[in-house]
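**Q** Got a structure here, written out as structure tokens. Questions coming.
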Amino acid sequence: MSTAPSGTAVRIRGTHHSVGHHGEILQGVFESDGRLRRALITLPCPLYESHAVFEPSDASTGVTVLDPWRTKAARAAELALRTLGGALTGGTLGLTSNIPPGRGFGSSTADVVAAIGAVYDAAGRRPSPAQYAALAVAAETASDALMYAHRAVLFAHREGEVIEELGGPLMPVAVVGFGTSEDSAGTDTLALPPARYSVWEIEAFRPLLGAARRAVRTGDVALLGRVATASARLNQRHLPVPGLTDLLRVTEAVGAAGLQVAHSGDVAGLLFDPDLPDLATRTDDARKRLADLGIGDSWYFTTKN
């Protein structure tokens with residue numbers, strides 16, 4: 001990436017990419033600054049990426065998107081242009097992505113983050129994660145924490161703010177992911193209303209956050225898995241996962257650390273410590289047991305890039 005003093009116009013081809021995510025380790029409502037705030041801990045998924053290219057133009061004002069249906073990315077690029085103080089006036093945005101939409105992989109957020117980064121890159125600048133987050137939420141109302149790819153954070157996804165740094169990066173985790181909806185149809189995430197948590201649920205999130213904090217700081221995959229399983233159970237009243245009881249039995253049978261779900265999508269994952277000597281045997285067993293439940297749509301990844 002080229003760099004230039006603030007306010008200096010640099011006409012270069014800007015590029016940026018963002019990985020997707022695999023839903024959340026934990027999502028709920030947490031007390032911060034004397035008030036309750038919706039927030040989450042994202043599980044990154046390097047299987048999927050969105051790539052953006054921004055070609056600046058002196059002859060145009062605003063952003064032309066090669067795929068007009070990518071309205072959130074277009075909005076993000078427009079907002080990014082406005083923050084550059086006139087360094088760029090417009091250009092053309094192109095995006096390519098292998099992220100399936102509507103399933104909880106963060107397809108729109110990855111597009112948005114990639115678009116913001118490409119516009120800034122074309123101006124020879126690099127936004128901070130906080131700038132990414134503010135622009136992403138302005139563009140799409142709610143955003144996962146993909147701009148904090150190398151830091152585990154409790155992220156207020158409707159405010160674009162980090163509530164808490166959890167003490168470092170998320171430890172490496174091995175994941176057998178799978179789809180939970182019929183025919184991998186996914187979920188219309190835009191149609192989902194925000195979860196209305198009960199008083200009991202809100203109280204339950206407090207110790208789960210403490211456990212997540214301890215898991216990240218100590219690299220304890222088993223503890224992180226217990227947090228994810230508890231969050232999946234709590235989410236069941238709001239976006240039910242079909243056959244959750246059977247999935248929990250599989251989790252126990254294969255010795256997985258826990259069961260993780262997308263809280264606004266249809267993907268889920270069995271979490272494992274990647275240093276297990278018999279990891280391949282366990283993950284193969286997990287995929288066979290999922291297939292026995294009629295779940296043939298499965299995949300494997302680790303969070304370590």
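A note on labels: chains of the structure tokens are A, B, ... as shown, every chain counts residues from 1, and ligands are counted from 1 in their shown order.
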Step one, run DSSP on the backbone; step two, keep only residues of segment 34-172 of chain A assigned to strand (DSSP E); then write them as a ChimeraX atom specification.
**A** /A:35-56,62-65,90-97,153-156,161-165
**Q** Just want the 8 Å neighbourhood of segment 77-85 of chain A, counted on only C-alpha atoms, with same-chain residues fewer than 2 positions away dropped. Output as a count of residues only.
**A** 19
**Q** Which distance in Å separates atom CA of Glu165 of chain A and atom CA of Leu239 of chain A, to one decimal?
**A**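 Answer for the atom CA of Glu165 of chain A to atom CA of Leu239 of chain A separation: 27.2 Å.
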**Q** Could you list, as a ChimeraX atom specification, every residue within 9 Å of Ser143 of chain A, counting only C-alpha atoms and ignoring same-chain residues fewer than 3 positions away?
**A** /A:106,108-109,133,136-137,140,146,156-160
**Q** Which residues in segment 167-283 of chain A does DSSP call helix (DSSP H, G or I)? List them as a ChimeraX atom specification.
**A** /A:182-184,189-191,199-218,221-235,244-253,279-283
**Q** Determine, counting only C-alpha atoms, which protein, DNA and RNA residues have an atom within 12 Å of an atom of Ser198 of chain A; residues of the same chain fewer than 5 positions away are not included. Present the result as a VMD selection string.
**A** chain A and resid 28 to 29 203 to 205 234 to 235 237 to 238
**Q** When you count only C-alpha atoms, which of these residues is closest to Arg70 of chain A: A:Pro101, A:Gly86, A:Pro56, A:Gly168?
**A**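 Closest candidate: A:Pro101.
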**Q** Can you work out which one of A:Leu40, A:Leu293, A:Ile12, A:Val227 has the shortest atom-to-atom distance to Glu164 of chain A, counting only C-alpha atoms?
**A**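 Closest candidate: A:Leu40.
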**Q** With only C-alpha atoms as the counted atoms, please give the residues lying no more than 10 Å from Arg282 of chain A, apart from itself and same-chain residues fewer than 5 positions off, as a PyMOL selection string.
**A** chain A and resi 176+253-256+272+276-277+287-288
**Q** Between A:Ser97, A:Leu247, A:Thr283, A:Arg206, single out the one closest to Glu31 of chain A, counting only C-alpha atoms.
**A** A:Arg206
**Q** Could you give me, as an MDAnalysis selection string, the residues within 12 Å of Ala212 of chain A, counting only C-alpha atoms and dropping anything in the same chain fewer than 4 positions from it?
**A** chainID A and resid 24:27 40:42 152:154 164:168 170:171 205:208 216:231
**Q** Could those residues be written to a file, using N, CA and C atoms, as an mmCIF file, in the first residue's frame?
**A**
```cif
data_model
loop_
_atom_site.group_PDB
_atom_site.id
_atom_site.type_symbol
_atom_site.label_atom_id
_atom_site.label_comp_id
_atom_site.auth_asym_id
_atom_site.auth_seq_id
_atom_site.Cartn_x
_atom_site.Cartn_y
_atom_site.Cartn_z
ATOM 1 N N GLU A 24 -20.812 -16.749 15.830
ATOM 2 C CA GLU A 24 -20.283 -16.176 17.074
ATOM 3 C C GLU A 24 -19.952 -17.249 18.103
ATOM 4 N N ILE A 25 -18.958 -16.940 18.909
ATOM 5 C CA ILE A 25 -18.688 -17.742 20.105
ATOM 6 C C ILE A 25 -19.703 -17.403 21.187
ATOM 7 N N LEU A 26 -20.005 -16.123 21.306
ATOM 8 C CA LEU A 26 -20.933 -15.637 22.330
ATOM 9 C C LEU A 26 -21.654 -14.419 21.789
ATOM 10 N N GLN A 27 -22.953 -14.362 22.006
ATOM 11 C CA GLN A 27 -23.712 -13.170 21.633
ATOM 12 C C GLN A 27 -24.833 -12.969 22.638
ATOM 13 N N LEU A 40 -21.137 -9.120 20.842
ATOM 14 C CA LEU A 40 -20.799 -10.477 20.423
ATOM 15 C C LEU A 40 -19.293 -10.675 20.367
ATOM 16 N N ILE A 41 -18.906 -11.945 20.332
ATOM 17 C CA ILE A 41 -17.528 -12.347 20.076
ATOM 18 C C ILE A 41 -17.549 -13.175 18.804
ATOM 19 N N THR A 42 -16.875 -12.686 17.776
ATOM 20 C CA THR A 42 -16.921 -13.293 16.454
ATOM 21 C C THR A 42 -15.933 -14.457 16.345
ATOM 22 N N ALA A 152 -9.272 -10.682 19.802
ATOM 23 C CA ALA A 152 -10.546 -11.151 20.337
ATOM 24 C C ALA A 152 -11.181 -10.010 21.131
ATOM 25 N N VAL A 153 -12.362 -9.593 20.712
ATOM 26 C CA VAL A 153 -13.023 -8.453 21.356
ATOM 27 C C VAL A 153 -14.496 -8.761 21.583
ATOM 28 N N LEU A 154 -15.050 -8.133 22.617
ATOM 29 C CA LEU A 154 -16.490 -8.084 22.791
ATOM 30 C C LEU A 154 -16.946 -6.832 22.056
ATOM 31 N N GLU A 164 -14.929 -4.441 25.121
ATOM 32 C CA GLU A 164 -13.817 -4.974 25.913
ATOM 33 C C GLU A 164 -12.841 -5.726 25.017
ATOM 34 N N GLU A 165 -11.556 -5.464 25.226
ATOM 35 C CA GLU A 165 -10.498 -6.297 24.659
ATOM 36 C C GLU A 165 -10.358 -7.516 25.565
ATOM 37 N N LEU A 166 -10.392 -8.699 24.988
ATOM 38 C CA LEU A 166 -10.409 -9.897 25.815
ATOM 39 C C LEU A 166 -9.027 -10.392 26.208
ATOM 40 N N GLY A 167 -7.990 -9.690 25.802
ATOM 41 C CA GLY A 167 -6.668 -10.038 26.301
ATOM 42 C C GLY A 167 -5.735 -10.634 25.275
ATOM 43 N N GLY A 168 -6.038 -10.473 23.990
ATOM 44 C CA GLY A 168 -5.156 -10.999 22.961
ATOM 45 C C GLY A 168 -5.937 -11.568 21.806
ATOM 46 N N LEU A 170 -7.710 -14.525 19.454
ATOM 47 C CA LEU A 170 -8.378 -15.801 19.711
ATOM 48 C C LEU A 170 -7.382 -16.924 19.473
ATOM 49 N N MET A 171 -7.336 -17.872 20.392
ATOM 50 C CA MET A 171 -6.415 -18.995 20.235
ATOM 51 C C MET A 171 -6.809 -19.828 19.015
ATOM 52 N N PHE A 205 -25.435 -14.078 30.827
ATOM 53 C CA PHE A 205 -24.342 -13.641 29.961
ATOM 54 C C PHE A 205 -23.133 -13.138 30.756
ATOM 55 N N ARG A 206 -23.364 -12.653 31.974
ATOM 56 C CA ARG A 206 -22.260 -12.082 32.761
ATOM 57 C C ARG A 206 -21.160 -13.114 33.041
ATOM 58 N N PRO A 207 -21.482 -14.282 33.633
ATOM 59 C CA PRO A 207 -20.415 -15.261 33.873
ATOM 60 C C PRO A 207 -19.855 -15.852 32.582
ATOM 61 N N LEU A 208 -20.668 -15.908 31.529
ATOM 62 C CA LEU A 208 -20.157 -16.424 30.259
ATOM 63 C C LEU A 208 -19.076 -15.502 29.687
ATOM 64 N N VAL A 216 -9.639 -16.931 26.543
ATOM 65 C CA VAL A 216 -8.750 -16.264 25.593
ATOM 66 C C VAL A 216 -7.387 -16.006 26.228
ATOM 67 N N ARG A 217 -7.381 -15.533 27.454
ATOM 68 C CA ARG A 217 -6.113 -15.173 28.102
ATOM 69 C C ARG A 217 -5.249 -16.387 28.416
ATOM 70 N N THR A 218 -5.872 -17.542 28.609
ATOM 71 C CA THR A 218 -5.115 -18.750 28.954
ATOM 72 C C THR A 218 -5.007 -19.723 27.788
ATOM 73 N N GLY A 219 -5.668 -19.424 26.665
ATOM 74 C CA GLY A 219 -5.640 -20.328 25.522
ATOM 75 C C GLY A 219 -6.396 -21.615 25.756
ATOM 76 N N ASP A 220 -7.434 -21.570 26.578
ATOM 77 C CA ASP A 220 -8.187 -22.762 26.987
ATOM 78 C C ASP A 220 -9.324 -23.026 26.001
ATOM 79 N N VAL A 221 -9.089 -23.916 25.032
ATOM 80 C CA VAL A 221 -10.111 -24.218 24.029
ATOM 81 C C VAL A 221 -11.316 -24.907 24.659
ATOM 82 N N ALA A 222 -11.075 -25.759 25.644
ATOM 83 C CA ALA A 222 -12.182 -26.465 26.295
ATOM 84 C C ALA A 222 -13.139 -25.482 26.955
ATOM 85 N N LEU A 223 -12.596 -24.480 27.624
ATOM 86 C CA LEU A 223 -13.443 -23.479 28.270
ATOM 87 C C LEU A 223 -14.166 -22.636 27.227
ATOM 88 N N LEU A 224 -13.475 -22.267 26.164
ATOM 89 C CA LEU A 224 -14.126 -21.511 25.097
ATOM 90 C C LEU A 224 -15.283 -22.314 24.511
ATOM 91 N N GLY A 225 -15.085 -23.616 24.365
ATOM 92 C CA GLY A 225 -16.149 -24.468 23.847
ATOM 93 C C GLY A 225 -17.363 -24.507 24.751
ATOM 94 N N ARG A 226 -17.136 -24.495 26.064
ATOM 95 C CA ARG A 226 -18.273 -24.485 26.992
ATOM 96 C C ARG A 226 -19.051 -23.173 26.890
ATOM 97 N N VAL A 227 -18.327 -22.072 26.694
ATOM 98 C CA VAL A 227 -18.992 -20.781 26.505
ATOM 99 C C VAL A 227 -19.852 -20.814 25.242
ATOM 100 N N ALA A 228 -19.287 -21.327 24.151
ATOM 101 C CA ALA A 228 -20.020 -21.384 22.890
ATOM 102 C C ALA A 228 -21.270 -22.254 23.013
ATOM 103 N N THR A 229 -21.149 -23.385 23.691
ATOM 104 C CA THR A 229 -22.299 -24.275 23.870
ATOM 105 C C THR A 229 -23.395 -23.588 24.672
ATOM 106 N N ALA A 230 -23.016 -22.901 25.736
ATOM 107 C CA ALA A 230 -24.004 -22.194 26.553
ATOM 108 C C ALA A 230 -24.691 -21.101 25.746
ATOM 109 N N SER A 231 -23.925 -20.388 24.926
ATOM 110 C CA SER A 231 -24.514 -19.331 24.107
ATOM 111 C C SER A 231 -25.466 -19.918 23.068
#
```
**Q** Please report, as a tab-separated table, each residue of segment 9-114 of chain A lying at most 7 Å from segment 300-303 of chain A, together with the nearest pair of atoms and the separation in Å rounded to one decimal; use only C-alpha atoms, and order rows by chain and ascending residue number.
**A**
```
residue	atom	partner	partner_atom	distance
A:Pro44	CA	A:Thr303	CA	6.3
A:Cys45	CA	A:Thr303	CA	6.1
A:Pro46	CA	A:Thr303	CA	6.7
A:Leu47	CA	A:Phe301	CA	6.8
```
**Q** Write the selection just made, keeping all heavy atoms, as a PDB file, in the first residue's frame?
**A**
```pdb
ATOM      1  N   PRO A  44     -13.776 -16.018  13.553  1.00  0.00           N
ATOM      2  CA  PRO A  44     -13.343 -15.803  12.169  1.00  0.00           C
ATOM      3  C   PRO A  44     -13.276 -17.113  11.395  1.00  0.00           C
ATOM      4  O   PRO A  44     -13.057 -18.184  11.966  1.00  0.00           O
ATOM      5  CB  PRO A  44     -11.961 -15.170  12.321  1.00  0.00           C
ATOM      6  CG  PRO A  44     -11.477 -15.623  13.662  1.00  0.00           C
ATOM      7  CD  PRO A  44     -12.702 -15.743  14.520  1.00  0.00           C
ATOM      8  N   CYS A  45     -13.451 -17.016  10.070  1.00  0.00           N
ATOM      9  CA  CYS A  45     -13.432 -18.205   9.214  1.00  0.00           C
ATOM     10  C   CYS A  45     -12.624 -17.908   7.958  1.00  0.00           C
ATOM     11  O   CYS A  45     -13.152 -17.326   6.997  1.00  0.00           O
ATOM     12  CB  CYS A  45     -14.851 -18.627   8.850  1.00  0.00           C
ATOM     13  SG  CYS A  45     -14.932 -20.076   7.770  1.00  0.00           S
ATOM     14  N   PRO A  46     -11.344 -18.308   7.919  1.00  0.00           N
ATOM     15  CA  PRO A  46     -10.509 -18.003   6.762  1.00  0.00           C
ATOM     16  C   PRO A  46     -10.848 -18.805   5.510  1.00  0.00           C
ATOM     17  O   PRO A  46     -10.220 -18.590   4.467  1.00  0.00           O
ATOM     18  CB  PRO A  46      -9.091 -18.324   7.271  1.00  0.00           C
ATOM     19  CG  PRO A  46      -9.286 -19.302   8.379  1.00  0.00           C
ATOM     20  CD  PRO A  46     -10.593 -18.934   9.016  1.00  0.00           C
ATOM     21  N   LEU A  47     -11.824 -19.711   5.582  1.00  0.00           N
ATOM     22  CA  LEU A  47     -12.271 -20.408   4.374  1.00  0.00           C
ATOM     23  C   LEU A  47     -12.840 -19.446   3.342  1.00  0.00           C
ATOM     24  O   LEU A  47     -12.783 -19.707   2.136  1.00  0.00           O
ATOM     25  CB  LEU A  47     -13.360 -21.436   4.725  1.00  0.00           C
ATOM     26  CG  LEU A  47     -12.969 -22.776   5.308  1.00  0.00           C
ATOM     27  CD1 LEU A  47     -14.227 -23.579   5.592  1.00  0.00           C
ATOM     28  CD2 LEU A  47     -12.042 -23.534   4.373  1.00  0.00           C
TER      29      LEU A  47
END
```
**Q** Using only C-alpha atoms for the distances, tell me which of A:Val65, A:Ala195, A:Val175, A:Ile163 is nearest to Leu209 of chain A.
**A**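 Closest candidate: A:Ile163.
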**Q** How many Å separate atom CA of Gly258 of chain A from atom CA of Glu49 of chain A?
**A**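 Going from atom CA of Gly258 of chain A over to atom CA of Glu49 of chain A, I get 25.1 Å.
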